[in-house]
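J.: mmCIF, C-alpha atoms and all ligand atoms, saved as input_24.cif, coming up:
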```
data_query
loop_
_atom_site.group_PDB
_atom_site.id
_atom_site.type_symbol
_atom_site.label_atom_id
_atom_site.label_comp_id
_atom_site.auth_asym_id
_atom_site.auth_seq_id
_atom_site.Cartn_x
_atom_site.Cartn_y
_atom_site.Cartn_z
ATOM 1 C CA MET A 1066 -47.933 33.584 -55.980
ATOM 2 C CA LEU A 1067 -46.980 33.035 -59.642
ATOM 3 C CA ASP A 1068 -43.863 31.034 -60.414
ATOM 4 C CA LYS A 1069 -41.010 32.274 -62.599
ATOM 5 C CA SER A 1070 -42.110 30.562 -65.827
ATOM 6 C CA GLU A 1071 -45.631 31.959 -65.473
ATOM 7 C CA ILE A 1072 -44.176 35.459 -64.968
ATOM 8 C CA SER A 1073 -41.932 35.184 -68.043
ATOM 9 C CA ARG A 1074 -44.898 33.943 -70.104
ATOM 10 C CA MET A 1075 -46.841 37.046 -69.050
ATOM 11 C CA VAL A 1076 -43.903 39.367 -69.775
ATOM 12 C CA ARG A 1077 -43.598 37.845 -73.272
ATOM 13 C CA ALA A 1078 -47.325 38.255 -73.915
ATOM 14 C CA TYR A 1079 -47.123 41.809 -72.633
ATOM 15 C CA VAL A 1080 -44.164 42.759 -74.815
ATOM 16 C CA GLU A 1081 -45.932 41.246 -77.866
ATOM 17 C CA ASN A 1082 -49.105 43.094 -76.981
ATOM 18 C CA LEU A 1083 -47.308 46.437 -76.838
ATOM 19 C CA SER A 1084 -45.604 45.787 -80.181
ATOM 20 C CA PRO A 1085 -48.360 44.027 -82.110
ATOM 21 C CA GLU A 1086 -47.589 42.463 -85.476
ATOM 22 C CA GLY A 1087 -47.785 45.016 -88.231
ATOM 23 C CA CYS A 1088 -46.571 47.712 -85.845
ATOM 24 C CA GLN A 1089 -43.048 48.409 -87.055
ATOM 25 C CA GLU A 1090 -41.456 49.739 -83.942
ATOM 26 C CA LYS A 1091 -41.519 49.602 -80.191
ATOM 27 C CA GLN A 1092 -43.072 52.685 -78.636
ATOM 28 C CA TRP A 1093 -41.232 54.228 -75.689
ATOM 29 C CA ILE A 1094 -42.651 56.573 -73.113
ATOM 30 C CA VAL A 1095 -40.086 59.101 -71.917
ATOM 31 C CA ALA A 1096 -41.401 61.220 -69.070
ATOM 32 C CA ALA A 1097 -39.696 63.971 -67.066
ATOM 33 C CA ASN A 1098 -40.843 64.672 -63.523
ATOM 34 C CA TRP A 1099 -39.508 68.109 -62.641
ATOM 35 C CA LYS A 1100 -40.627 67.920 -58.998
ATOM 36 C CA MET A 1101 -40.263 71.333 -57.267
ATOM 37 C CA ASN A 1102 -37.594 72.635 -59.618
ATOM 38 C CA MET A 1103 -37.292 75.295 -62.336
ATOM 39 C CA THR A 1104 -38.479 78.894 -62.592
ATOM 40 C CA ALA A 1105 -40.672 80.344 -65.344
ATOM 41 C CA ALA A 1106 -37.551 81.623 -67.136
ATOM 42 C CA GLU A 1107 -35.825 78.237 -66.836
ATOM 43 C CA THR A 1108 -38.957 76.534 -68.127
ATOM 44 C CA GLU A 1109 -39.019 78.799 -71.200
ATOM 45 C CA HIS A 1110 -35.314 78.139 -71.751
ATOM 46 C CA PHE A 1111 -35.763 74.380 -71.444
ATOM 47 C CA LEU A 1112 -38.583 74.446 -74.000
ATOM 48 C CA ASP A 1113 -36.593 76.660 -76.385
ATOM 49 C CA GLU A 1114 -33.715 74.190 -76.287
ATOM 50 C CA PHE A 1115 -35.669 70.952 -76.214
ATOM 51 C CA LEU A 1116 -37.972 71.965 -79.062
ATOM 52 C CA LYS A 1117 -34.935 72.493 -81.314
ATOM 53 C CA GLY A 1118 -34.170 68.772 -81.038
ATOM 54 C CA LYS A 1119 -35.376 65.972 -83.256
ATOM 55 C CA ARG A 1120 -38.711 64.256 -82.541
ATOM 56 C CA TYR A 1121 -38.848 60.473 -82.789
ATOM 57 C CA SER A 1122 -41.909 58.599 -83.988
ATOM 58 C CA ASN A 1123 -41.235 55.754 -81.540
ATOM 59 C CA ILE A 1124 -41.169 58.007 -78.447
ATOM 60 C CA ARG A 1125 -44.061 59.535 -76.536
ATOM 61 C CA THR A 1126 -42.641 62.433 -74.534
ATOM 62 C CA ILE A 1127 -44.406 63.626 -71.401
ATOM 63 C CA ILE A 1128 -43.227 66.443 -69.118
ATOM 64 C CA PHE A 1129 -44.532 67.002 -65.603
ATOM 65 C CA PRO A 1130 -43.661 70.579 -64.564
ATOM 66 C CA PRO A 1131 -44.745 72.145 -61.265
ATOM 67 C CA PHE A 1132 -48.394 73.322 -61.305
ATOM 68 C CA PRO A 1133 -47.646 77.049 -61.829
ATOM 69 C CA TYR A 1134 -45.829 76.402 -65.117
ATOM 70 C CA LEU A 1135 -48.494 74.237 -66.714
ATOM 71 C CA TYR A 1136 -49.913 77.339 -68.361
ATOM 72 C CA LEU A 1137 -46.588 77.830 -70.184
ATOM 73 C CA PHE A 1138 -46.838 74.297 -71.495
ATOM 74 C CA ALA A 1139 -50.432 74.868 -72.545
ATOM 75 C CA LYS A 1140 -49.336 77.978 -74.404
ATOM 76 C CA ARG A 1141 -46.213 76.565 -76.039
ATOM 77 C CA LEU A 1142 -46.963 72.893 -76.639
ATOM 78 C CA ARG A 1143 -50.466 72.978 -77.986
ATOM 79 C CA TYR A 1144 -49.229 72.238 -81.504
ATOM 80 C CA GLU A 1145 -46.224 70.124 -80.574
ATOM 81 C CA LYS A 1146 -46.094 66.358 -80.268
ATOM 82 C CA ILE A 1147 -45.122 66.636 -76.627
ATOM 83 C CA ALA A 1148 -47.594 65.819 -73.921
ATOM 84 C CA PHE A 1149 -47.566 67.200 -70.414
ATOM 85 C CA GLY A 1150 -49.255 66.643 -67.131
ATOM 86 C CA ALA A 1151 -49.379 67.384 -63.424
ATOM 87 C CA GLN A 1152 -47.317 65.863 -60.633
ATOM 88 C CA ASP A 1153 -50.414 65.229 -58.546
ATOM 89 C CA VAL A 1154 -54.210 65.487 -58.751
ATOM 90 C CA SER A 1155 -56.906 65.757 -56.114
ATOM 91 C CA PHE A 1156 -59.344 62.905 -55.710
ATOM 92 C CA GLN A 1157 -62.077 65.448 -55.037
ATOM 93 C CA ASP A 1158 -64.020 67.042 -57.909
ATOM 94 C CA LYS A 1159 -64.219 70.526 -56.385
ATOM 95 C CA GLY A 1160 -65.011 72.379 -53.168
ATOM 96 C CA ALA A 1161 -63.387 73.529 -49.939
ATOM 97 C CA TYR A 1162 -60.050 71.708 -50.284
ATOM 98 C CA THR A 1163 -57.408 74.401 -49.868
ATOM 99 C CA GLY A 1164 -54.308 73.834 -51.942
ATOM 100 C CA GLU A 1165 -55.784 70.995 -54.001
ATOM 101 C CA VAL A 1166 -56.001 70.972 -57.805
ATOM 102 C CA SER A 1167 -58.755 68.992 -59.529
ATOM 103 C CA GLY A 1168 -58.600 66.906 -62.671
ATOM 104 C CA THR A 1169 -61.052 69.258 -64.373
ATOM 105 C CA MET A 1170 -58.702 72.201 -63.738
ATOM 106 C CA LEU A 1171 -55.833 70.199 -65.213
ATOM 107 C CA ARG A 1172 -57.901 69.411 -68.291
ATOM 108 C CA ASP A 1173 -58.555 73.140 -68.637
ATOM 109 C CA LEU A 1174 -54.789 73.554 -68.884
ATOM 110 C CA CYS A 1175 -54.630 70.901 -71.635
ATOM 111 C CA CYS A 1176 -52.955 68.280 -69.427
ATOM 112 C CA SER A 1177 -53.252 64.689 -70.612
ATOM 113 C CA TYR A 1178 -51.538 62.935 -67.683
ATOM 114 C CA ALA A 1179 -51.258 63.088 -63.904
ATOM 115 C CA ILE A 1180 -48.706 61.386 -61.686
ATOM 116 C CA CYS A 1181 -50.412 59.595 -58.811
ATOM 117 C CA GLY A 1182 -48.605 58.381 -55.718
ATOM 118 C CA HIS A 1183 -45.030 59.419 -56.349
ATOM 119 C CA SER A 1184 -42.957 58.054 -53.461
ATOM 120 C CA GLU A 1185 -42.237 61.634 -52.313
ATOM 121 C CA ARG A 1186 -46.011 62.187 -51.943
ATOM 122 C CA ARG A 1187 -46.393 58.889 -50.138
ATOM 123 C CA ARG A 1188 -43.473 59.732 -47.839
ATOM 124 C CA TYR A 1189 -43.835 63.468 -47.110
ATOM 125 C CA HIS A 1190 -47.613 63.751 -47.418
ATOM 126 C CA GLY A 1191 -48.590 60.380 -46.006
ATOM 127 C CA GLU A 1192 -50.506 59.322 -49.102
ATOM 128 C CA SER A 1193 -51.813 55.794 -48.675
ATOM 129 C CA SER A 1194 -52.204 53.348 -51.537
ATOM 130 C CA GLU A 1195 -55.990 53.746 -51.209
ATOM 131 C CA GLU A 1196 -55.680 57.517 -51.613
ATOM 132 C CA VAL A 1197 -53.397 57.048 -54.612
ATOM 133 C CA ALA A 1198 -55.987 54.715 -56.146
ATOM 134 C CA LYS A 1199 -58.715 57.326 -55.595
ATOM 135 C CA LYS A 1200 -56.547 59.908 -57.363
ATOM 136 C CA ALA A 1201 -56.057 57.546 -60.316
ATOM 137 C CA LYS A 1202 -59.821 57.055 -60.459
ATOM 138 C CA ALA A 1203 -60.469 60.818 -60.344
ATOM 139 C CA ALA A 1204 -57.948 61.330 -63.147
ATOM 140 C CA LEU A 1205 -59.598 58.742 -65.384
ATOM 141 C CA LYS A 1206 -62.995 60.287 -64.753
ATOM 142 C CA VAL A 1207 -61.848 63.400 -66.658
ATOM 143 C CA GLN A 1208 -59.808 61.500 -69.286
ATOM 144 C CA LEU A 1209 -56.431 62.171 -67.716
ATOM 145 C CA THR A 1210 -54.113 59.173 -67.883
ATOM 146 C CA PRO A 1211 -52.741 58.414 -64.426
ATOM 147 C CA VAL A 1212 -49.068 57.506 -64.157
ATOM 148 C CA ILE A 1213 -49.166 55.472 -60.976
ATOM 149 C CA CYS A 1214 -45.883 55.217 -59.076
ATOM 150 C CA ILE A 1215 -45.047 52.190 -57.000
ATOM 151 C CA GLY A 1216 -41.818 51.087 -55.344
ATOM 152 C CA GLU A 1217 -40.239 49.614 -52.273
ATOM 153 C CA THR A 1218 -37.788 51.178 -49.805
ATOM 154 C CA GLN A 1219 -34.255 49.910 -49.264
ATOM 155 C CA ASP A 1220 -35.296 48.149 -46.038
ATOM 156 C CA GLU A 1221 -38.211 46.443 -47.748
ATOM 157 C CA ARG A 1222 -35.874 45.264 -50.523
ATOM 158 C CA ASN A 1223 -33.225 44.081 -48.016
ATOM 159 C CA GLN A 1224 -35.827 42.200 -46.014
ATOM 160 C CA GLY A 1225 -37.063 40.480 -49.179
ATOM 161 C CA ARG A 1226 -40.501 42.074 -48.739
ATOM 162 C CA TYR A 1227 -40.562 44.063 -51.967
ATOM 163 C CA ARG A 1228 -43.012 41.761 -53.749
ATOM 164 C CA GLU A 1229 -45.462 42.015 -50.883
ATOM 165 C CA VAL A 1230 -45.170 45.830 -50.877
ATOM 166 C CA LEU A 1231 -45.566 46.176 -54.644
ATOM 167 C CA SER A 1232 -48.477 43.784 -54.846
ATOM 168 C CA ALA A 1233 -50.321 45.667 -52.052
ATOM 169 C CA GLN A 1234 -49.753 48.968 -53.907
ATOM 170 C CA ILE A 1235 -51.112 47.434 -57.122
ATOM 171 C CA GLU A 1236 -54.036 45.659 -55.422
ATOM 172 C CA ALA A 1237 -55.321 48.979 -54.055
ATOM 173 C CA VAL A 1238 -55.421 50.364 -57.606
ATOM 174 C CA LYS A 1239 -57.106 47.235 -58.937
ATOM 175 C CA ALA A 1240 -59.758 47.392 -56.239
ATOM 176 C CA ALA A 1241 -60.592 51.008 -57.120
ATOM 177 C CA LEU A 1242 -60.342 50.816 -60.920
ATOM 178 C CA GLY A 1243 -61.316 47.276 -61.881
ATOM 179 C CA LYS A 1244 -61.017 46.831 -65.646
ATOM 180 C CA ASP A 1245 -60.108 50.504 -66.071
ATOM 181 C CA ILE A 1246 -56.614 49.619 -64.874
ATOM 182 C CA GLU A 1247 -56.043 49.042 -68.623
ATOM 183 C CA LYS A 1248 -56.141 52.806 -69.143
ATOM 184 C CA THR A 1249 -53.288 53.559 -66.759
ATOM 185 C CA ILE A 1250 -49.506 53.667 -66.897
ATOM 186 C CA PHE A 1251 -47.407 52.342 -64.007
ATOM 187 C CA ALA A 1252 -43.938 53.509 -63.036
ATOM 188 C CA TYR A 1253 -41.750 51.196 -60.962
ATOM 189 C CA GLU A 1254 -39.525 53.476 -58.915
ATOM 190 C CA PRO A 1255 -37.503 51.743 -56.220
ATOM 191 C CA VAL A 1256 -37.351 54.436 -53.507
ATOM 192 C CA TRP A 1257 -33.671 53.646 -52.900
ATOM 193 C CA ALA A 1258 -32.836 54.449 -56.533
ATOM 194 C CA ILE A 1259 -34.541 57.863 -56.637
ATOM 195 C CA GLY A 1260 -32.021 60.695 -56.723
ATOM 196 C CA THR A 1261 -29.247 58.447 -55.384
ATOM 197 C CA GLY A 1262 -27.371 57.572 -58.573
ATOM 198 C CA VAL A 1263 -27.787 53.902 -57.616
ATOM 199 C CA ILE A 1264 -29.845 51.704 -59.915
ATOM 200 C CA PRO A 1265 -30.945 48.100 -59.482
ATOM 201 C CA THR A 1266 -29.166 45.412 -61.480
ATOM 202 C CA MET A 1267 -30.704 44.559 -64.841
ATOM 203 C CA GLU A 1268 -31.737 41.171 -63.362
ATOM 204 C CA GLN A 1269 -33.554 42.964 -60.538
ATOM 205 C CA VAL A 1270 -35.310 45.281 -62.996
ATOM 206 C CA ALA A 1271 -36.335 42.318 -65.204
ATOM 207 C CA GLU A 1272 -37.576 40.254 -62.289
ATOM 208 C CA THR A 1273 -39.445 43.124 -60.643
ATOM 209 C CA HIS A 1274 -41.056 44.394 -63.863
ATOM 210 C CA GLY A 1275 -42.120 40.820 -64.631
ATOM 211 C CA PHE A 1276 -43.663 40.538 -61.191
ATOM 212 C CA ILE A 1277 -45.448 43.900 -61.557
ATOM 213 C CA ILE A 1278 -46.853 42.950 -64.976
ATOM 214 C CA SER A 1279 -48.143 39.686 -63.578
ATOM 215 C CA CYS A 1280 -49.785 41.496 -60.629
ATOM 216 C CA ILE A 1281 -51.458 44.067 -62.908
ATOM 217 C CA GLY A 1282 -52.748 41.079 -64.842
ATOM 218 C CA CYS A 1283 -53.412 43.004 -68.030
ATOM 219 C CA GLY A 1284 -51.012 42.968 -70.946
ATOM 220 C CA LYS A 1285 -51.776 46.493 -72.071
ATOM 221 C CA VAL A 1286 -50.422 48.597 -69.246
ATOM 222 C CA PRO A 1287 -47.009 50.182 -69.876
ATOM 223 C CA VAL A 1288 -44.604 49.861 -66.935
ATOM 224 C CA LEU A 1289 -41.940 52.571 -66.835
ATOM 225 C CA TYR A 1290 -38.716 52.367 -64.865
ATOM 226 C CA GLY A 1291 -37.769 55.347 -62.673
ATOM 227 C CA GLY A 1292 -34.916 56.070 -60.268
ATOM 228 C CA SER A 1293 -31.591 57.591 -61.388
ATOM 229 C CA ALA A 1294 -32.364 56.829 -65.046
ATOM 230 C CA ASN A 1295 -30.120 58.957 -67.259
ATOM 231 C CA GLU A 1296 -28.304 59.074 -70.578
ATOM 232 C CA LYS A 1297 -25.653 56.667 -69.242
ATOM 233 C CA ASN A 1298 -27.995 53.821 -68.348
ATOM 234 C CA VAL A 1299 -31.201 54.049 -70.447
ATOM 235 C CA THR A 1300 -29.806 52.037 -73.357
ATOM 236 C CA GLU A 1301 -29.022 49.085 -71.104
ATOM 237 C CA LEU A 1302 -32.294 49.463 -69.193
ATOM 238 C CA SER A 1303 -34.251 49.656 -72.447
ATOM 239 C CA ARG A 1304 -33.110 46.123 -73.298
ATOM 240 C CA VAL A 1305 -34.785 44.687 -70.231
ATOM 241 C CA PRO A 1306 -38.038 42.938 -71.202
ATOM 242 C CA GLY A 1307 -41.061 44.572 -69.662
ATOM 243 C CA VAL A 1308 -39.560 48.104 -69.510
ATOM 244 C CA SER A 1309 -41.796 50.397 -71.606
ATOM 245 C CA GLY A 1310 -40.010 53.650 -70.921
ATOM 246 C CA PHE A 1311 -38.734 55.893 -68.167
ATOM 247 C CA LEU A 1312 -39.863 58.356 -65.543
ATOM 248 C CA ILE A 1313 -36.893 60.650 -65.169
ATOM 249 C CA GLY A 1314 -36.173 63.157 -62.404
ATOM 250 C CA GLY A 1315 -32.744 64.827 -62.343
ATOM 251 C CA ALA A 1316 -31.793 64.001 -65.949
ATOM 252 C CA GLY A 1317 -35.069 65.505 -67.167
ATOM 253 C CA LEU A 1318 -34.228 68.994 -65.905
ATOM 254 C CA LYS A 1319 -31.703 69.780 -68.613
ATOM 255 C CA ALA A 1320 -32.839 69.918 -72.231
ATOM 256 C CA GLU A 1321 -29.459 68.493 -73.246
ATOM 257 C CA SER A 1322 -29.635 65.314 -71.165
ATOM 258 C CA PHE A 1323 -33.371 64.822 -71.773
ATOM 259 C CA GLY A 1324 -32.700 65.291 -75.501
ATOM 260 C CA LYS A 1325 -29.802 62.821 -75.379
ATOM 261 C CA ILE A 1326 -32.077 60.200 -73.792
ATOM 262 C CA HIS A 1327 -34.490 60.730 -76.710
ATOM 263 C CA GLU A 1328 -31.652 60.333 -79.208
ATOM 264 C CA LEU A 1329 -30.577 57.058 -77.603
ATOM 265 C CA LEU A 1330 -34.080 55.581 -77.400
ATOM 266 C CA GLY A 1331 -34.934 56.881 -80.854
ATOM 267 C CA GLU A 1332 -32.423 54.304 -82.111
ATOM 268 C CA VAL A 1333 -33.834 51.408 -80.050
ATOM 269 C CA ARG A 1334 -36.684 49.950 -82.112
HETATM 270 P P1 LIG A 1401 -34.456 60.655 -60.360
HETATM 271 O O1 LIG A 1401 -36.021 60.789 -59.960
HETATM 272 O O2 LIG A 1401 -34.409 60.306 -61.822
HETATM 273 O O3 LIG A 1401 -33.860 61.992 -60.048
HETATM 274 O O4 LIG A 1401 -33.899 59.546 -59.520
HETATM 275 C C1 LIG A 1401 -36.990 59.935 -60.518
HETATM 276 C C2 LIG A 1401 -38.340 60.212 -59.928
HETATM 277 O O5 LIG A 1401 -38.436 60.476 -58.723
HETATM 278 O O6 LIG A 1401 -39.365 60.166 -60.635
#
```
Once you've parsed the file, please lay out its structure as structure tokens.
T.:
Amino acid sequence: MLDKSEISRMVRAYVENLSPEGCQEKQWIVAANWKMNMTAAETEHFLDEFLKGKRYSNIRTIIFPPFPYLYLFAKRLRYEKIAFGAQDVSFQDKGAYTGEVSGTMLRDLCCSYAICGHSERRRYHGESSEEVAKKAKAALKVQLTPVICIGETQDERNQGRYREVLSAQIEAVKAALGKDIEKTIFAYEPVWAIGTGVIPTMEQVAETHGFIISCIGCGKVPVLYGGSANEKNVTELSRVPGVSGFLIGGAGLKAESFGKIHELLGEVR
């Protein structure tokens, strides 16, 4: 287990690596996970409104709509600087897997990203860390960037087991991807913060992101924070070393709040 000074050395190296000398500004990743929300009409409305807003050169925006609306994104965002992706991806290439969607199909719809292992998939669909790692590998095989979600439950946090849980989730990905872990994005989403309006303290976020970065062991992988992130708390969260951006649920469903988050982070360079 790494000690605190070793972790802060790695966080420093990581932050420097993501903002190399000569690069004027810090790059944020701001991603919206719509989960099973929105209709086609609401999706069109969101895009109408959101596309009116300003774009910021220091923000990479990614939206994860439900599968059926990806075609609307493909149609509308082809020439916009907004990326999109799927909330899940099969680890199989093709075949008799009813209900599954392959990485190749997602590429056909111009997706660039796929969420792998969101805690709701782990919880309601029994996805194991090994399965999540296989999904990340399948995504990379077709040049989709996996956004790999990890996080502990409230009980695991209370029992002081969160480091053990997070490191096991990361180890499974490392075992499957090896050096290719460099091509991924991680999202730290404490399960107890998702949709609850409760967020960890800034010290907890700093300590946990530092620990995650040290476990990944590669300075290039962005680590997003997710769990009740919104326009009221992103500025403070963005000051925490080791936070590269946000995976946003509820606050990403309204163009106004998602736009406001962009405005706030657009100023943080
Ligand atoms: P929330 O969801 O922002 O609504 O808490 C985040 C997520 O589950 O990705």
J.: I need the output of the PyMOL selection byres (((chain A and resi 1115) around 10) and not hetatm) for this file as a list in words; which residues are they?
T.: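 On the file shown, the PyMOL selection byres (((chain A and resi 1115) around 10) and not hetatm) covers Glu1109, His1110, Phe1111, Leu1112, Asp1113, Glu1114, Leu1116, Lys1117, Gly1118, Lys1119, Arg1120, Lys1319, Ala1320, Glu1321, Ser1322, Phe1323 and Gly1324 of chain A.
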J.: Please extract the residues at most 7 Å from ligand LIG 1401 (chain A), counting only C-alpha atoms and all ligand atoms, and provide them as number ranges by chain, using the chain letters and residue numbers of this document.
T.: A: 1098, 1254, 1258-1262, 1291-1294, 1312-1316
J.: With distances taken over all atoms listed in the file, which residue among A:Tyr1189, A:Tyr1121, A:Trp1099, A:Phe1251 lies nearest His1327 of chain A?
T.: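 Counting all atoms listed in the file, the residue closest to His1327 of chain A is A:Tyr1121.
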J.: Which residue gives the smallest distance to Gln1208 of chain A among A:Ser1177, A:Ser1167, A:Thr1249, A:Ser1232, with all atoms listed in the file counted?
T.: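 That would be A:Ser1177, the residue with the smallest distance to Gln1208 of chain A.
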J.: Mind pulling up the distance from atom CA of Gly1182 of chain A to atom CA of Gly1164 of chain A?
T.: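 It comes out at 16.9 Å.
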J.: I need the residue set behind the PyMOL selection byres (((chain A and resi 1305) around 9) and not hetatm) for this file; please write it as a ChimeraX atom specification.
T.: /A:1267-1268,1270-1271,1274,1301-1304,1306-1308
J.: Using the partial input, fill out segment 1311-1325 of chain A with N, CA, C and O atoms; write the result as an mmCIF file, in the coordinates of the input.
T.:
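Final output, selection-v9.cif:
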```
data_model
loop_
_atom_site.group_PDB
_atom_site.id
_atom_site.type_symbol
_atom_site.label_atom_id
_atom_site.label_comp_id
_atom_site.auth_asym_id
_atom_site.auth_seq_id
_atom_site.Cartn_x
_atom_site.Cartn_y
_atom_site.Cartn_z
ATOM 1 N N PHE A 1311 -39.412 55.385 -69.356
ATOM 2 C CA PHE A 1311 -38.734 55.893 -68.167
ATOM 3 C C PHE A 1311 -39.452 57.091 -67.568
ATOM 4 O O PHE A 1311 -40.003 57.926 -68.301
ATOM 5 N N LEU A 1312 -39.435 57.153 -66.247
ATOM 6 C CA LEU A 1312 -39.863 58.356 -65.543
ATOM 7 C C LEU A 1312 -38.579 58.930 -64.946
ATOM 8 O O LEU A 1312 -37.929 58.297 -64.110
ATOM 9 N N ILE A 1313 -38.230 60.118 -65.423
ATOM 10 C CA ILE A 1313 -36.893 60.650 -65.169
ATOM 11 C C ILE A 1313 -36.966 61.915 -64.325
ATOM 12 O O ILE A 1313 -37.704 62.843 -64.664
ATOM 13 N N GLY A 1314 -36.209 61.963 -63.248
ATOM 14 C CA GLY A 1314 -36.173 63.157 -62.404
ATOM 15 C C GLY A 1314 -35.026 64.063 -62.829
ATOM 16 O O GLY A 1314 -35.130 64.834 -63.784
ATOM 17 N N GLY A 1315 -33.892 63.942 -62.141
ATOM 18 C CA GLY A 1315 -32.744 64.827 -62.343
ATOM 19 C C GLY A 1315 -32.341 65.009 -63.804
ATOM 20 O O GLY A 1315 -32.122 66.139 -64.267
ATOM 21 N N ALA A 1316 -32.261 63.915 -64.558
ATOM 22 C CA ALA A 1316 -31.793 64.001 -65.949
ATOM 23 C C ALA A 1316 -32.851 64.597 -66.882
ATOM 24 O O ALA A 1316 -32.587 64.807 -68.062
ATOM 25 N N GLY A 1317 -34.031 64.889 -66.342
ATOM 26 C CA GLY A 1317 -35.069 65.505 -67.167
ATOM 27 C C GLY A 1317 -35.138 67.009 -66.984
ATOM 28 O O GLY A 1317 -36.005 67.678 -67.548
ATOM 29 N N LEU A 1318 -34.201 67.550 -66.184
ATOM 30 C CA LEU A 1318 -34.228 68.994 -65.905
ATOM 31 C C LEU A 1318 -33.407 69.793 -66.901
ATOM 32 O O LEU A 1318 -33.515 71.014 -66.962
ATOM 33 N N LYS A 1319 -32.547 69.099 -67.627
ATOM 34 C CA LYS A 1319 -31.703 69.780 -68.613
ATOM 35 C C LYS A 1319 -32.113 69.306 -70.000
ATOM 36 O O LYS A 1319 -32.157 68.102 -70.257
ATOM 37 N N ALA A 1320 -32.399 70.285 -70.879
ATOM 38 C CA ALA A 1320 -32.839 69.918 -72.231
ATOM 39 C C ALA A 1320 -31.800 69.020 -72.901
ATOM 40 O O ALA A 1320 -32.151 68.103 -73.647
ATOM 41 N N GLU A 1321 -30.516 69.258 -72.587
ATOM 42 C CA GLU A 1321 -29.459 68.493 -73.246
ATOM 43 C C GLU A 1321 -29.530 67.011 -72.859
ATOM 44 O O GLU A 1321 -29.504 66.135 -73.726
ATOM 45 N N SER A 1322 -29.625 66.731 -71.548
ATOM 46 C CA SER A 1322 -29.635 65.314 -71.165
ATOM 47 C C SER A 1322 -30.959 64.649 -71.531
ATOM 48 O O SER A 1322 -30.983 63.498 -71.968
ATOM 49 N N PHE A 1323 -32.071 65.393 -71.397
ATOM 50 C CA PHE A 1323 -33.371 64.822 -71.773
ATOM 51 C C PHE A 1323 -33.374 64.546 -73.285
ATOM 52 O O PHE A 1323 -33.849 63.504 -73.736
ATOM 53 N N GLY A 1324 -32.792 65.463 -74.047
ATOM 54 C CA GLY A 1324 -32.700 65.291 -75.501
ATOM 55 C C GLY A 1324 -31.822 64.100 -75.858
ATOM 56 O O GLY A 1324 -32.135 63.331 -76.756
ATOM 57 N N LYS A 1325 -30.726 63.936 -75.116
ATOM 58 C CA LYS A 1325 -29.802 62.821 -75.379
ATOM 59 C C LYS A 1325 -30.505 61.480 -75.136
ATOM 60 O O LYS A 1325 -30.340 60.516 -75.892
#
```
